[in-house]
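Just below is one structure, and these are the notes that go with it.
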Amino acid sequence: MPRTMVQRRMVQSQHNYRPMLVAALVLSAAIAAHAQSGGTQIVGLPVFSADGMKIGQVIDVTLSADRQVEQIRFVTGSPLGLGERTLAIAQPAFIIAAGRIRLADLSADDVQALPNAPAESP
């Protein structure tokens, strides 16, 4: 049975909304991370150890079901000074304040001893 012009337009419009829906979901996650941090964008913030040393920069944020920041992933230098490593730190081990992330109880030496994060966010 041939489709009417109205039916064809309805099918086309349903397909046109999918990319917008995906974009809206991504934007929603970014806004939640932004709001959780008191209006500060988290990705790109510098990461400091408990002893005040800058040790890296945030590259990814994991949100919980209630849209709170659950984990950050950040890049830091390797212990031998060759290349970078990616580390993951879960809440409550970090504090988001004053445009930076501070690791509450980890010194720069403690961070160097941490294992690399898995290739993908959990």
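Labeling convention for the structure tokens: chains A, B, ... as they appear, residues from 1 per chain, ligands from 1 in order of appearance.
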Can you tell me which residues surround A:Arg73 at a distance of at most 12 Å, considering only C-alpha atoms, apart from same-chain residues fewer than 2 positions away, and format the answer as a VMD selection string? chain A and resid 42 to 47 56 to 63 69 to 71 75 to 76 85 to 91 94 101 116 to 122
Dump N, CA and C atoms for the selected residues as a compact mmCIF listing (two decimals), in the first residue's frame?
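Writing the result to part.txt gives the following:
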# COMPACT_ATOMS: atom_id res chain seq x y z
N ILE A 42 34.36 21.50 34.08
CA ILE A 42 35.31 20.62 34.72
C ILE A 42 36.39 20.12 33.76
N VAL A 43 35.99 19.69 32.56
CA VAL A 43 36.97 19.20 31.60
C VAL A 43 37.90 20.35 31.25
N GLY A 44 39.18 20.10 31.36
CA GLY A 44 40.17 21.13 31.09
C GLY A 44 40.75 21.79 32.33
N LEU A 45 40.10 21.55 33.49
CA LEU A 45 40.62 22.15 34.73
C LEU A 45 41.96 21.51 35.12
N PRO A 46 42.84 22.28 35.73
CA PRO A 46 44.09 21.70 36.24
C PRO A 46 43.82 20.85 37.49
N VAL A 47 44.64 19.84 37.69
CA VAL A 47 44.53 18.95 38.85
C VAL A 47 45.76 19.16 39.72
N GLY A 56 48.32 17.53 36.62
CA GLY A 56 47.64 17.11 35.40
C GLY A 56 46.49 18.01 35.02
N GLN A 57 45.67 17.49 34.08
CA GLN A 57 44.53 18.23 33.56
C GLN A 57 43.39 17.25 33.29
N VAL A 58 42.17 17.65 33.67
CA VAL A 58 40.99 16.80 33.50
C VAL A 58 40.66 16.63 32.02
N ILE A 59 40.44 15.37 31.60
CA ILE A 59 40.06 15.09 30.21
C ILE A 59 38.67 14.49 30.08
N ASP A 60 38.09 14.00 31.20
CA ASP A 60 36.79 13.35 31.12
C ASP A 60 36.14 13.34 32.51
N VAL A 61 34.81 13.33 32.52
CA VAL A 61 34.05 13.31 33.76
C VAL A 61 32.99 12.22 33.65
N THR A 62 32.81 11.44 34.70
CA THR A 62 31.75 10.44 34.76
C THR A 62 30.70 10.94 35.75
N LEU A 63 29.44 10.93 35.31
CA LEU A 63 28.34 11.38 36.15
C LEU A 63 27.58 10.18 36.70
N VAL A 69 29.01 14.56 39.82
CA VAL A 69 30.31 14.11 39.35
C VAL A 69 30.75 12.94 40.22
N GLU A 70 30.97 11.81 39.58
CA GLU A 70 31.32 10.58 40.28
C GLU A 70 32.81 10.27 40.17
N GLN A 71 33.39 10.62 39.03
CA GLN A 71 34.80 10.30 38.78
C GLN A 71 35.35 11.29 37.76
N VAL A 75 45.04 13.51 32.66
CA VAL A 75 46.36 13.12 32.15
C VAL A 75 47.42 13.72 33.05
N THR A 76 48.47 12.97 33.23
CA THR A 76 49.61 13.40 34.03
C THR A 76 50.86 12.85 33.37
N ARG A 85 50.29 9.68 31.14
CA ARG A 85 49.45 8.59 31.64
C ARG A 85 48.07 9.15 31.90
N THR A 86 47.07 8.29 31.82
CA THR A 86 45.71 8.68 32.18
C THR A 86 45.35 7.99 33.48
N LEU A 87 44.86 8.78 34.44
CA LEU A 87 44.47 8.25 35.75
C LEU A 87 43.00 8.57 35.99
N ALA A 88 42.35 7.74 36.81
CA ALA A 88 40.96 7.96 37.19
C ALA A 88 40.88 8.05 38.71
N ILE A 89 40.17 9.05 39.19
CA ILE A 89 39.99 9.25 40.63
C ILE A 89 38.49 9.41 40.89
N ALA A 90 37.97 8.62 41.83
CA ALA A 90 36.55 8.67 42.16
C ALA A 90 36.30 9.61 43.34
N GLN A 91 35.06 10.09 43.44
CA GLN A 91 34.65 10.86 44.61
C GLN A 91 34.67 9.95 45.82
N PHE A 94 38.48 13.83 45.52
CA PHE A 94 38.85 15.13 44.96
C PHE A 94 37.83 16.19 45.32
N ILE A 101 40.89 21.31 40.39
CA ILE A 101 40.59 20.08 41.12
C ILE A 101 41.74 19.84 42.09
N ASN A 116 47.59 3.08 35.91
CA ASN A 116 46.92 3.76 34.81
C ASN A 116 45.45 3.38 34.80
N ALA A 117 44.61 4.30 34.34
CA ALA A 117 43.18 4.04 34.21
C ALA A 117 42.95 3.12 33.01
N PRO A 118 41.85 2.35 33.06
CA PRO A 118 41.51 1.55 31.88
C PRO A 118 41.30 2.46 30.67
N ALA A 119 41.37 1.90 29.49
CA ALA A 119 41.27 2.69 28.27
C ALA A 119 39.92 3.39 28.13
N GLU A 120 38.86 2.80 28.69
CA GLU A 120 37.53 3.39 28.58
C GLU A 120 37.01 3.76 29.94
N SER A 121 36.14 4.82 29.98
CA SER A 121 35.50 5.19 31.23
C SER A 121 34.52 4.10 31.64
N PRO A 122 34.37 3.88 32.97
CA PRO A 122 33.42 2.86 33.40
C PRO A 122 32.00 3.27 33.13
Enter the distance from atom CA of A:Arg100 to atom CA of A:Ile55, in Å, rounded to one decimal.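 According to the coordinates, atom CA of A:Arg100 and atom CA of A:Ile55 are separated by 11.4 Å.
From atom CA of A:Ser64 back to atom CA of A:Ser78, the distance works out to 29.0 Å.
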Can you tell me which residues surround A:Leu103 at a distance of at most 8 Å, considering only C-alpha atoms, apart from same-chain residues fewer than 3 positions away, and format the answer as an NGL selection string? :A and (47-50 or 93-95 or 106-107)
Name the closest residue to A:Gly99 among the candidates A:Glu84, A:Gln41, A:Ala65, A:Ile72; distances are taken between atoms, counting only C-alpha atoms.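 Comparing A:Glu84, A:Gln41, A:Ala65, A:Ile72 against A:Gly99, the winner is A:Gln41.
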Helix (DSSP H, G or I) residues, from DSSP on the backbone, in stretch 57-111 of chain A, as a VMD selection string: chain A and resid 108 to 111
Got time to write the residues from that selection, N, CA and C atoms, as an mmCIF file, in the first residue's frame?
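Printed below is part03.cif as written:
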data_model
loop_
_atom_site.group_PDB
_atom_site.id
_atom_site.type_symbol
_atom_site.label_atom_id
_atom_site.label_comp_id
_atom_site.auth_asym_id
_atom_site.auth_seq_id
_atom_site.Cartn_x
_atom_site.Cartn_y
_atom_site.Cartn_z
ATOM 1 N N ALA A 108 51.825 14.318 45.360
ATOM 2 C CA ALA A 108 52.319 14.079 44.004
ATOM 3 C C ALA A 108 52.980 12.707 43.903
ATOM 4 N N ASP A 109 53.696 12.289 44.937
ATOM 5 C CA ASP A 109 54.322 10.966 44.933
ATOM 6 C C ASP A 109 53.275 9.856 44.945
ATOM 7 N N ASP A 110 52.199 10.061 45.723
ATOM 8 C CA ASP A 110 51.114 9.076 45.753
ATOM 9 C C ASP A 110 50.487 8.914 44.376
ATOM 10 N N VAL A 111 50.295 10.027 43.674
ATOM 11 C CA VAL A 111 49.684 9.996 42.344
ATOM 12 C C VAL A 111 50.582 9.237 41.373
#
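Atom CA of A:Ala98 lies 13.5 Å from atom CA of A:Gly52.
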